[in-house]
Each structure stands twice: as C-alpha cells, then as structure tokens.
>>> print(open('coords.txt').read())   # compact mmCIF, C-alpha atoms (C1' of nucleotides)
# COMPACT_ATOMS: atom_id res chain seq x y z
CA MET A 1 7.63 70.50 62.59
CA GLY A 2 5.98 71.05 59.30
CA ARG A 3 7.46 68.94 56.64
CA THR A 4 9.08 66.39 58.82
CA ALA A 5 6.75 64.21 56.84
CA ASP A 6 8.94 61.40 55.70
CA TYR A 7 7.65 59.56 52.70
CA SER A 8 10.93 57.74 52.21
CA LYS A 9 9.55 54.36 53.13
CA GLU A 10 6.98 54.59 50.40
CA SER A 11 7.44 53.15 46.97
CA CYS A 12 5.52 55.60 44.94
CA THR A 13 6.34 58.05 42.22
CA VAL A 14 3.94 60.59 43.67
CA ALA A 15 5.52 60.35 47.10
CA ALA A 16 8.95 60.65 45.51
CA ALA A 17 7.88 63.77 43.67
CA LEU A 18 6.47 65.29 46.82
CA GLU A 19 9.68 64.55 48.62
CA VAL A 20 11.35 66.92 46.18
CA ILE A 21 8.73 69.59 45.58
CA GLY A 22 6.33 69.06 48.46
CA ASP A 23 7.92 71.38 50.97
CA PRO A 24 6.13 74.59 51.75
CA TRP A 25 7.00 77.41 49.32
CA THR A 26 8.84 75.09 46.95
CA LEU A 27 6.23 75.02 44.22
CA LEU A 28 5.78 78.77 44.45
CA VAL A 29 9.51 79.18 44.02
CA ILE A 30 9.24 77.10 40.88
CA ARG A 31 6.18 78.99 39.73
CA ASP A 32 8.13 82.22 39.97
CA ALA A 33 11.07 80.65 38.21
CA PHE A 34 8.78 80.08 35.24
CA GLN A 35 7.99 83.77 35.36
CA GLY A 36 11.63 84.68 35.06
CA VAL A 37 12.68 84.99 38.67
CA ARG A 38 16.26 83.88 39.09
CA ARG A 39 17.69 85.58 42.13
CA PHE A 40 17.40 85.31 45.85
CA GLU A 41 16.16 88.82 46.46
CA GLN A 42 13.48 88.55 43.80
CA TRP A 43 11.99 85.44 45.31
CA GLN A 44 12.24 86.82 48.78
CA GLU A 45 10.46 89.99 47.88
CA ARG A 46 7.74 88.39 45.81
CA LEU A 47 6.94 85.56 48.18
CA GLY A 48 7.68 87.17 51.50
CA VAL A 49 9.13 83.87 52.59
CA ALA A 50 11.62 83.80 55.42
CA ARG A 51 15.16 84.16 54.10
CA ASN A 52 16.51 81.09 55.83
CA VAL A 53 13.68 79.01 54.43
CA LEU A 54 14.24 80.35 50.95
CA ALA A 55 17.92 79.56 51.20
CA ALA A 56 17.12 76.02 52.29
CA ARG A 57 14.63 75.54 49.44
CA LEU A 58 17.00 76.79 46.79
CA LYS A 59 19.73 74.54 48.11
CA SER A 60 17.42 71.58 48.08
CA LEU A 61 16.17 72.26 44.57
CA VAL A 62 19.73 72.53 43.34
CA ARG A 63 20.66 69.32 45.09
CA HIS A 64 17.76 67.58 43.41
CA GLY A 65 18.62 68.95 40.02
CA VAL A 66 15.53 71.11 39.56
CA LEU A 67 17.44 74.36 39.59
CA GLU A 68 20.96 74.97 38.45
CA PRO A 69 23.18 77.72 39.82
CA GLN A 70 24.86 79.84 37.18
CA ALA A 71 27.43 82.42 38.07
CA TYR A 72 26.58 85.86 36.80
CA SER A 73 29.39 87.54 38.67
CA GLU A 74 32.77 86.60 40.00
CA ARG A 75 33.97 88.91 42.73
CA PRO A 76 31.75 88.84 44.54
CA LEU A 77 30.69 85.38 43.50
CA ARG A 78 27.01 85.50 42.75
CA HIS A 79 24.86 83.04 40.97
CA GLU A 80 21.35 82.92 39.72
CA TYR A 81 19.19 79.85 39.66
CA VAL A 82 17.79 78.60 36.39
CA LEU A 83 15.43 75.75 35.71
CA THR A 84 16.94 72.57 34.39
CA ARG A 85 15.13 70.28 31.98
CA LYS A 86 13.91 68.42 35.04
CA GLY A 87 12.61 71.65 36.47
CA LYS A 88 10.96 72.75 33.26
CA ASP A 89 9.11 69.46 33.15
CA LEU A 90 7.25 70.58 36.24
CA TYR A 91 5.26 72.97 34.11
CA ILE A 92 2.58 70.38 33.68
CA VAL A 93 2.22 70.10 37.44
CA LEU A 94 1.82 73.83 37.83
CA LEU A 95 -0.71 74.01 35.04
CA ALA A 96 -2.66 71.15 36.55
CA LEU A 97 -2.71 72.93 39.88
CA HIS A 98 -3.66 76.18 38.21
CA GLY A 99 -6.48 74.54 36.33
CA TRP A 100 -7.87 72.99 39.47
CA GLY A 101 -7.54 76.17 41.47
CA ALA A 102 -9.16 78.25 38.77
CA LYS A 103 -12.06 75.88 38.40
CA HIS A 104 -12.78 74.99 41.99
CA LEU A 105 -11.40 77.79 44.13
CA TYR A 106 -11.59 80.87 42.08
CA GLY A 107 -14.80 80.57 40.15
CA GLU A 108 -13.85 80.52 36.50
CA SER A 109 -14.74 84.17 36.21
CA ASP A 110 -12.26 85.95 38.42
CA ALA A 111 -9.08 83.93 38.26
CA GLY A 112 -6.85 86.94 37.61
CA VAL A 113 -4.20 85.03 35.72
CA SER A 114 -5.30 82.92 32.84
CA PHE A 115 -3.55 80.89 30.24
CA ILE A 116 -4.80 81.36 26.75
CA HIS A 117 -4.18 78.60 24.28
CA LYS A 118 -2.85 80.46 21.27
CA ALA A 119 -4.03 77.82 18.84
CA CYS A 120 -7.70 78.06 19.70
CA GLY A 121 -7.78 81.38 21.49
CA LYS A 122 -9.70 80.01 24.43
CA GLU A 123 -8.67 79.78 28.03
CA LEU A 124 -6.82 76.61 28.78
CA ASP A 125 -8.84 73.95 30.47
CA PRO A 126 -6.01 71.59 31.31
CA THR A 127 -6.72 68.02 30.37
CA LEU A 128 -4.39 65.09 30.23
CA ALA A 129 -3.23 63.60 27.00
CA CYS A 130 -1.11 60.58 26.32
CA GLY A 131 2.25 61.69 25.02
CA GLY A 132 2.49 58.48 23.04
CA CYS A 133 -0.65 58.58 20.95
CA GLY A 134 -1.79 62.15 21.52
CA GLU A 135 -5.27 61.17 22.59
CA GLN A 136 -6.93 62.81 25.54
CA VAL A 137 -7.02 60.64 28.62
CA ARG A 138 -9.66 60.25 31.26
CA PRO A 139 -9.03 58.33 34.46
CA ARG A 140 -11.13 55.44 33.21
CA ASP A 141 -8.95 55.13 30.13
CA LEU A 142 -6.07 54.08 32.32
CA GLU A 143 -5.09 50.73 33.62
CA ILE A 144 -2.98 50.64 36.73
CA LYS A 145 -0.21 48.12 36.55
CA ARG A 146 2.01 47.19 39.41
CA THR A 147 5.41 45.82 38.75
CA ALA A 148 6.96 44.08 41.68
CA GLY A 149 9.66 45.12 44.06
CA LEU A 150 10.21 48.69 43.18
CA PRO A 151 12.69 50.60 45.29
CA THR A 152 11.52 52.95 47.97
CA VAL A 153 11.56 56.71 47.73
CA GLY A 154 14.54 56.78 50.04
CA GLU A 155 16.56 54.51 47.84
CA VAL A 156 15.70 56.43 44.72
CA LEU A 157 16.55 59.82 46.11
CA ALA A 158 19.81 58.56 47.54
CA LYS A 159 21.14 58.74 44.00
CA ASP A 160 20.78 62.51 44.03
CA GLU A 161 22.76 62.78 47.23
CA ALA A 162 25.61 60.87 45.68
CA ALA A 163 26.32 63.82 43.41
CA MET B 164 5.80 74.78 62.27
CA GLY B 165 6.32 73.41 58.84
CA ARG B 166 3.28 74.38 56.97
CA THR B 167 2.79 77.63 58.69
CA ALA B 168 3.46 78.87 55.22
CA ASP B 169 0.75 81.38 54.63
CA TYR B 170 0.02 82.02 51.00
CA SER B 171 -3.16 83.87 51.81
CA LYS B 172 -1.88 87.23 50.69
CA GLU B 173 -1.13 85.91 47.24
CA SER B 174 -3.46 86.25 44.34
CA CYS B 175 -2.70 83.09 42.50
CA THR B 176 -4.60 80.00 41.57
CA VAL B 177 -1.57 77.85 42.26
CA ALA B 178 -1.11 79.31 45.71
CA ALA B 179 -4.81 78.84 46.38
CA ALA B 180 -4.60 75.21 45.36
CA LEU B 181 -1.58 74.66 47.58
CA GLU B 182 -3.43 76.22 50.46
CA VAL B 183 -5.90 73.36 50.17
CA ILE B 184 -3.74 70.42 49.15
CA GLY B 185 -0.24 71.62 49.99
CA ASP B 186 -0.05 70.38 53.55
CA PRO B 187 2.18 67.43 54.22
CA TRP B 188 0.43 64.08 53.67
CA THR B 189 -2.59 65.68 52.04
CA LEU B 190 -1.84 64.63 48.48
CA LEU B 191 -0.99 61.14 49.62
CA VAL B 192 -4.32 60.95 51.39
CA ILE B 193 -5.95 61.89 48.12
CA ARG B 194 -3.80 59.45 46.18
CA ASP B 195 -5.00 56.66 48.42
CA ALA B 196 -8.55 57.86 48.11
CA PHE B 197 -8.24 57.24 44.38
CA GLN B 198 -7.17 53.73 45.21
CA GLY B 199 -10.29 53.10 47.20
CA VAL B 200 -9.24 54.06 50.69
CA ARG B 201 -12.14 55.55 52.57
CA ARG B 202 -11.59 55.04 56.25
CA PHE B 203 -9.40 56.48 58.93
CA GLU B 204 -7.68 53.26 59.86
CA GLN B 205 -6.85 52.40 56.28
CA TRP B 206 -5.09 55.68 55.67
CA GLN B 207 -3.34 55.52 58.99
CA GLU B 208 -1.99 52.06 58.33
CA ARG B 209 -0.95 52.68 54.75
CA LEU B 210 0.68 56.02 55.32
CA GLY B 211 1.98 55.63 58.83
CA VAL B 212 1.02 59.22 59.44
CA ALA B 213 0.40 60.41 62.98
CA ARG B 214 -3.24 59.99 63.90
CA ASN B 215 -3.77 63.57 64.97
CA VAL B 216 -2.32 64.80 61.71
CA LEU B 217 -4.51 62.48 59.69
CA ALA B 218 -7.57 63.64 61.61
CA ALA B 219 -6.65 67.25 60.92
CA ARG B 220 -6.10 66.60 57.22
CA LEU B 221 -9.38 64.78 56.77
CA LYS B 222 -11.20 67.55 58.55
CA SER B 223 -9.55 70.14 56.36
CA LEU B 224 -10.29 68.27 53.16
CA VAL B 225 -13.91 67.95 54.16
CA ARG B 226 -14.08 71.62 55.00
CA HIS B 227 -12.69 72.47 51.59
CA GLY B 228 -15.07 70.16 49.82
CA VAL B 229 -12.51 67.70 48.51
CA LEU B 230 -13.79 64.81 50.57
CA GLU B 231 -17.30 64.21 51.76
CA PRO B 232 -18.17 62.23 54.86
CA GLN B 233 -20.78 59.53 54.35
CA ALA B 234 -22.21 57.61 57.25
CA TYR B 235 -21.84 53.87 56.86
CA SER B 236 -23.03 53.11 60.35
CA GLU B 237 -25.28 54.68 62.92
CA ARG B 238 -24.60 53.45 66.41
CA PRO B 239 -21.78 53.91 66.62
CA LEU B 240 -21.78 56.80 64.20
CA ARG B 241 -19.09 56.10 61.67
CA HIS B 242 -18.47 57.69 58.36
CA GLU B 243 -16.18 57.11 55.46
CA TYR B 244 -14.70 59.80 53.29
CA VAL B 245 -15.38 59.81 49.59
CA LEU B 246 -14.02 62.08 46.90
CA THR B 247 -16.30 64.80 45.66
CA ARG B 248 -16.29 66.03 42.07
CA LYS B 249 -13.82 68.65 43.23
CA GLY B 250 -11.65 65.92 44.70
CA LYS B 251 -11.85 63.73 41.64
CA ASP B 252 -10.67 66.61 39.53
CA LEU B 253 -7.36 66.37 41.33
CA TYR B 254 -6.58 63.24 39.36
CA ILE B 255 -4.79 65.29 36.76
CA VAL B 256 -2.53 66.73 39.45
CA LEU B 257 -1.63 63.30 40.73
CA LEU B 258 -0.96 61.99 37.24
CA ALA B 259 1.22 64.98 36.50
CA LEU B 260 3.19 64.36 39.66
CA HIS B 261 3.41 60.68 38.86
CA GLY B 262 4.65 61.36 35.38
CA TRP B 263 7.32 63.70 36.61
CA GLY B 264 8.40 61.35 39.37
CA ALA B 265 8.54 58.38 37.05
CA LYS B 266 10.58 60.22 34.46
CA HIS B 267 13.00 62.14 36.63
CA LEU B 268 13.23 60.31 39.94
CA TYR B 269 12.59 56.72 39.19
CA GLY B 270 14.24 56.11 35.88
CA GLU B 271 11.50 55.09 33.49
CA SER B 272 12.47 51.48 33.97
CA ASP B 273 11.66 50.72 37.56
CA ALA B 274 8.72 52.87 38.47
CA GLY B 275 6.76 50.04 40.11
CA VAL B 276 3.37 51.49 39.44
CA SER B 277 2.59 52.47 35.92
CA PHE B 278 -0.46 53.73 34.16
CA ILE B 279 -1.20 52.06 30.88
CA HIS B 280 -3.27 53.93 28.38
CA LYS B 281 -5.80 51.33 27.28
CA ALA B 282 -6.33 52.95 23.91
CA CYS B 283 -2.75 52.64 22.73
CA GLY B 284 -1.43 50.07 25.17
CA LYS B 285 1.59 52.14 26.05
CA GLU B 286 2.58 53.60 29.36
CA LEU B 287 1.11 57.00 29.92
CA ASP B 288 3.45 59.86 29.34
CA PRO B 289 1.29 62.61 30.79
CA THR B 290 1.07 65.61 28.53
CA LEU B 291 -1.26 68.53 28.70
CA ALA B 292 -4.07 69.03 26.28
CA CYS B 293 -6.49 71.87 25.89
CA GLY B 294 -9.92 70.72 26.97
CA GLY B 295 -11.44 73.13 24.51
CA CYS B 296 -9.88 72.09 21.25
CA GLY B 297 -8.29 68.80 22.23
CA GLU B 298 -4.86 69.73 20.97
CA GLN B 299 -1.76 68.97 22.95
CA VAL B 300 -0.28 72.00 24.64
CA ARG B 301 3.31 72.96 25.22
CA PRO B 302 4.30 75.85 27.45
CA ARG B 303 5.13 77.98 24.47
CA ASP B 304 1.66 77.49 23.07
CA LEU B 305 0.27 79.44 25.97
CA GLU B 306 -0.18 83.11 26.46
CA ILE B 307 -0.34 84.36 29.99
CA LYS B 308 -2.99 86.95 30.50
CA ARG B 309 -3.45 88.94 33.65
CA THR B 310 -6.80 90.34 34.46
CA ALA B 311 -6.77 93.03 37.05
CA GLY B 312 -7.75 93.08 40.67
CA LEU B 313 -8.26 89.46 41.41
CA PRO B 314 -9.07 88.58 45.00
CA THR B 315 -6.42 87.09 47.25
CA VAL B 316 -6.21 83.49 48.29
CA GLY B 317 -7.49 84.42 51.70
CA GLU B 318 -10.59 86.05 50.33
CA VAL B 319 -11.33 83.18 48.02
CA LEU B 320 -10.99 80.49 50.64
CA ALA B 321 -13.10 82.44 53.09
CA LYS B 322 -16.08 81.26 51.08
CA ASP B 323 -15.39 77.68 52.11
CA GLU B 324 -15.32 78.65 55.75
CA ALA B 325 -18.74 80.21 55.47
CA ALA B 326 -20.27 76.77 55.00
C1' DT C 327 -22.19 39.82 82.33
C1' DA C 328 -17.17 40.26 81.99
C1' DT C 329 -13.47 40.50 78.62
C1' DA C 330 -11.64 41.46 74.48
C1' DG C 331 -11.75 43.67 69.97
C1' DT C 332 -12.92 47.29 66.45
C1' DT C 333 -13.02 52.01 64.75
C1' DA C 334 -12.19 56.71 65.14
C1' DG C 335 -10.51 59.83 66.94
C1' DT C 336 -8.18 63.21 71.11
C1' DT C 337 -4.55 64.43 74.25
C1' DC C 338 -0.36 64.78 75.68
C1' DG C 339 5.19 65.73 75.67
C1' DT C 340 9.10 66.24 72.58
C1' DA C 341 11.64 67.41 68.52
C1' DA C 342 11.84 69.65 64.22
C1' DA C 343 10.79 73.39 61.11
C1' DC C 344 9.06 77.80 60.23
C1' DG C 345 8.73 83.27 60.90
C1' DC C 346 11.10 87.24 61.87
C1' DA C 347 14.64 90.32 62.73
C1' DA C 348 19.40 91.11 63.14
C1' DC C 349 23.89 90.27 61.74
C1' DG C 350 28.00 89.08 58.51
C1' DC C 351 30.52 89.10 54.31
C1' DA C 352 32.27 90.53 50.03
C1' DC C 353 32.36 93.56 47.18
C1' DT C 354 30.74 98.38 44.39
C1' DT C 355 29.59 103.11 44.27
C1' DG C 356 29.69 108.00 45.79
C1' DC D 357 35.87 105.71 53.85
C1' DA D 358 30.87 105.68 54.48
C1' DA D 359 26.84 103.86 52.39
C1' DG D 360 24.61 100.50 49.50
C1' DT D 361 23.74 95.91 47.28
C1' DG D 362 23.19 90.89 47.06
C1' DC D 363 23.10 86.68 49.49
C1' DG D 364 22.87 84.40 52.75
C1' DT D 365 23.50 82.80 58.25
C1' DT D 366 22.38 83.04 63.17
C1' DG D 367 19.31 83.16 67.13
C1' DC D 368 15.11 83.10 69.33
C1' DG D 369 10.15 82.41 69.87
C1' DT D 370 6.19 79.99 67.97
C1' DT D 371 3.85 76.42 65.49
C1' DT D 372 3.39 72.00 63.90
C1' DA D 373 4.46 67.22 63.21
C1' DC D 374 5.64 62.85 65.53
C1' DG D 375 4.67 59.13 68.58
C1' DA D 376 2.51 56.87 72.07
C1' DA D 377 -1.06 56.61 75.24
C1' DC D 378 -5.72 57.30 76.20
C1' DT D 379 -10.92 57.87 75.50
C1' DA D 380 -15.34 56.79 73.53
C1' DA D 381 -18.87 54.05 71.69
C1' DC D 382 -20.11 50.39 70.47
C1' DT D 383 -19.86 44.65 68.81
C1' DA D 384 -18.49 40.00 69.45
C1' DT D 385 -17.09 36.23 72.23
C1' DA D 386 -16.71 33.40 76.40
>>> encode(input="coords.txt", output="structure tokens")
Amino acid sequence: MGRTADYSKESCTVAAALEVIGDPWTLLVIRDAFQGVRRFEQWQERLGVARNVLAARLKSLVRHGVLEPQAYSERPLRHEYVLTRKGKDLYIVLLALHGWGAKHLYGESDAGVSFIHKACGKELDPTLACGGCGEQVRPRDLEIKRTAGLPTVGEVLAKDEAA
Amino acid sequence: MGRTADYSKESCTVAAALEVIGDPWTLLVIRDAFQGVRRFEQWQERLGVARNVLAARLKSLVRHGVLEPQAYSERPLRHEYVLTRKGKDLYIVLLALHGWGAKHLYGESDAGVSFIHKACGKELDPTLACGGCGEQVRPRDLEIKRTAGLPTVGEVLAKDEAA
DNA sequence: TATAGTTAGTTCGTAAACGCAACGCACTTG
DNA sequence: CAAGTGCGTTGCGTTTACGAACTAACTATA
C-alpha cells in the first residue's frame, strides 16, 4: 500500500516525525488547521480527500497529540479538532516546506500565497536560527553529535499508544 | 495505493513541495544523502526499503531536480546521486522535522543524534528567521497575503516533466 | 576460462492502503 | 414526519508498497 512504510526500526528524530506526520494528506490537514479549519466537513471539502482517509488521519493525529478533540455540542456529540502545543510547533515545518516550494517549484514570482514578515515588510525567506543564541544557522555551522544507544522510533512512539 | 494522494489540483506551495518529497521514504533518502550516501546499495541497506521503491524514488528525485546522477564508472555504467542546490535547500526542512521530533517525540534527553550549534556550543533549537532582515520569526509576526490566480500544483510541476 | 562477487536495478505475486460512492446514526429544522 | 446537517463507517475496485527472486554488465579470483 502507500504508507506501509515502517520506519519503526530506525533511531532517528526525522523518521519519528515522519511516522506521525508523514502519511499522505496529514500535513495538508495540519496546514488547514493553521488556517482555522476545525471540522471534518471543512477539511473534506477543502482537500477533497476520501472521508475514510480523513477520519483515519484525524484519529491518528489525536492519538499522537497533535490535534485535540473539543466538544462543541452535546446531543448530538460533536467535536472539533484544535491544534495542541505540539501541533502548533509544526508551524516551522510548514514554513520550511512553503519556503522551499516557493523558491524551487513556484518561481518566486507567482507563489500565490506569501508570508510577509511584518517587522521588515518583505516576503519571508525562511532561514534557520538557533533558538538559544538567536543567530542564523547554516548547515556548516552545525556539528552532528551522536549519543549512543538511542531508542528506536517504535519504542518512542509506543509511549503515545499507552495513553 | 498509499501515496495515490493527488494534490495536483491544489494551489499551494506546501502541497507542491509534498508532491515532490511527500512520498514514503523520500525524505529519508534525502536525509541520508546529507550524510553522504550516494549509491543505491547504501540507501537500500540503511533504509531497508524495497528495491523497486527505492529505484522509483531516486528516479523521481532526479526528475524533479533534487538529486543529480553523476557517472563514477563507465563500463559498467554506474552513477551516484548527489544533491543539487535545490536538494541542499531541503536541509531546513529536515532540521525543522528533527527539531520537532526531538522536542515532542524523543524527550529532549535521549534524542541520539543532536545538532550542536558551533557558535554557541548549545544544541540547536531550530527557530525560523527571516532571511531578509535576520530577525527571528514567530507565527504571529507573519502576515499571510494571497495573490490571485496562482497556478495549480499540477501546472507548476509540469515544467519539470518537460525536461 | 570457469566461478564467484559486486552494483544496480527489474519483475513478479501478495498484502495493505487509498479513492469513491453509498449507507448509517443522531439529532435539528420546517 | 419528511428533509437536512454533521460525522463518520462500510464495501468494492484500484494502486502501491513489500519482499524475494531474477537479470544485466561487468571485475576479481582460482
């Protein structure tokens, strides 16, 4: 099938992240969540994704703590899905993807949606900075350090299941 | 199957990016490329991905200009795959994913691979900065601007095919 | 020169996941 | 009480991933 891809034997933060948000449609669901979408029908209509797939994605995102169901109606019981802190922290991933797509796929000019940095008034060219010192970071400014014996993706995500 | 997901009717830089790098295994292929992997057998062994899938992914990444095949042997003709500029620009995406995974999946403590920012000596906490002015950016510092009539993902990616 | 090994795929059959359309359920509104 | 709304679930056909075997084009070794 599609995402039978099983990264669980890997010991990698990137693989772990993809295990949670790497399924088809998942990041677009989150993208729309940042634009205020909170209900099943809204996502379904905007994305055109199959309803069973959407249901599975929402369930998975809730299980992983990215979205949180909040009841907006008892009788009939209905809930909307809102981003948790964990989910909101994915904004950087979306902006990174947007920046890459705008630069390399859409040619700077015609990228229909753009993010303007209010402070400087220019379009955002997403760059990485170090949260600690605030300096901008280029790949060569980084040193990769491996600490031994980290748990695998499977072991890490098992914690989520326990809830 | 899995990634039948067809975002081509969307007009979104994020969807366009996912069309290129959203397939299962693709981002892990790129991750390994950043760690010096350049040949079929290396990826296959490290990832454990099915060979036909790996072949398809490499072909797709080449077609989209993320990887470039370079011959390292005539007779038999063999080539290795190296990241293009476009591919290297995905580093920010990987670091964003890493940062999120390290913070929210692995608990800061045991995230086996860490990126140390040489300048300050601390572990990188990936944050976004504006390439223009250098300031750090938070979601609320951004203004979303929609310009009209942008082309769809399908139209944009058609350019790649033409090559 | 025969045999084995290396590297990079391709070709199957099977199982899983998606796409799509229809259906079900629990209510609300006319 | 019929129609509508919101949120899924079910079923079926198609697509894709998985896994293992196989091919191809050489190189190295005996």
>>> interface_residues(input="coords.txt", of="chain D", to="chain B", cutoff="7 Å", atoms="all atoms listed in the file", output="list of chain:residue names")
D:DT371, D:DT372, D:DC374, D:DA381, D:DC382
>>> write_last_selection(input="coords.txt", atoms="C-alpha atoms (C1' of nucleotides)", output="PDB file, keeping the file's coordinate frame")
ATOM      1  C1'  DT D 371       3.850  76.420  65.490  1.00  0.00           C
ATOM      2  C1'  DT D 372       3.390  72.000  63.900  1.00  0.00           C
ATOM      3  C1'  DC D 374       5.640  62.850  65.530  1.00  0.00           C
ATOM      4  C1'  DA D 381     -18.870  54.050  71.690  1.00  0.00           C
ATOM      5  C1'  DC D 382     -20.110  50.390  70.470  1.00  0.00           C
TER       6       DC D 382
END
>>> atom_distance(input="coords.txt", atom1="atom C1' of DG364 of chain D", atom2="atom CA of Lys172 of chain B")
25.0 Å
>>> closest_atom_pairs(input="coords.txt", of="chain B", to="chain A", cutoff="7 Å", atoms="only C-alpha atoms", output="CSV")
residue,atom,partner,partner_atom,distance
B:Met164,CA,A:Met1,CA,4.7
B:Gly165,CA,A:Gly2,CA,2.4
B:Arg166,CA,A:Gly2,CA,4.9
B:Ala168,CA,A:Pro24,CA,6.1
B:Thr176,CA,A:Gly101,CA,4.8
B:Val177,CA,A:His98,CA,4.9
B:Ala179,CA,A:Gly101,CA,6.2
B:Ala180,CA,A:Gly101,CA,5.0
B:Pro187,CA,A:Arg3,CA,6.0
B:Lys249,CA,A:His104,CA,6.5
B:Asp252,CA,A:Trp100,CA,7.0
B:Leu253,CA,A:Trp100,CA,6.9
B:Ile255,CA,A:Ala96,CA,6.2
B:Val256,CA,A:Ala96,CA,5.3
B:Leu257,CA,A:Val14,CA,6.9
B:Ala259,CA,A:Val93,CA,5.3
B:Leu260,CA,A:Val14,CA,5.6
B:His261,CA,A:Val14,CA,4.8
B:Trp263,CA,A:Leu90,CA,6.9
B:Gly264,CA,A:Thr13,CA,4.8
B:Ala265,CA,A:Thr13,CA,5.6
B:His267,CA,A:Lys86,CA,6.5
B:Leu268,CA,A:Val156,CA,6.6
B:Tyr269,CA,A:Val156,CA,6.4
B:Asp273,CA,A:Leu150,CA,6.1
B:Ala274,CA,A:Leu150,CA,6.5
B:Gly275,CA,A:Thr147,CA,4.6
B:Val276,CA,A:Arg146,CA,4.5
B:Ser277,CA,A:Lys145,CA,5.2
B:Phe278,CA,A:Ile144,CA,4.7
B:Ile279,CA,A:Glu143,CA,4.9
B:His280,CA,A:Leu142,CA,4.8
B:Lys281,CA,A:Asp141,CA,5.7
B:Cys283,CA,A:Cys133,CA,6.5
B:Leu287,CA,A:Cys130,CA,5.5
B:Asp288,CA,A:Gly131,CA,4.8
B:Pro289,CA,A:Cys130,CA,5.5
B:Thr290,CA,A:Ala129,CA,5.0
B:Leu291,CA,A:Leu128,CA,4.9
B:Ala292,CA,A:Thr127,CA,5.0
B:Cys293,CA,A:Pro126,CA,5.4
B:Gly294,CA,A:Asp125,CA,4.9
B:Gly295,CA,A:Asp125,CA,6.6
B:Cys296,CA,A:Cys120,CA,6.5
B:Gly297,CA,A:Gln136,CA,7.0
B:Gln299,CA,A:Ala129,CA,6.9
B:Asp304,CA,A:Lys118,CA,5.7
B:Leu305,CA,A:His117,CA,4.8
B:Glu306,CA,A:Ile116,CA,4.9
B:Ile307,CA,A:Phe115,CA,4.7
B:Lys308,CA,A:Ser114,CA,5.2
B:Arg309,CA,A:Val113,CA,4.5
B:Thr310,CA,A:Gly112,CA,4.6
B:Ala311,CA,A:Gly112,CA,6.1
B:Gly312,CA,A:Gly112,CA,6.9
B:Leu313,CA,A:Gly112,CA,4.8
B:Val319,CA,A:Tyr106,CA,6.4
>>> atom_distance(input="coords.txt", atom1="atom CA of Gly317 of chain B", atom2="atom CA of Ser171 of chain B")
4.4 Å
>>> interface_residues(input="coords.txt", of="chain C", to="chain A", cutoff="10 Å", atoms="all atoms listed in the file", output="PyMOL selection string")
chain C and resi 341-346+351-354
>>> atom_distance(input="coords.txt", atom1="atom C1' of DT332 of chain C", atom2="atom CA of Thr247 of chain B")
27.4 Å
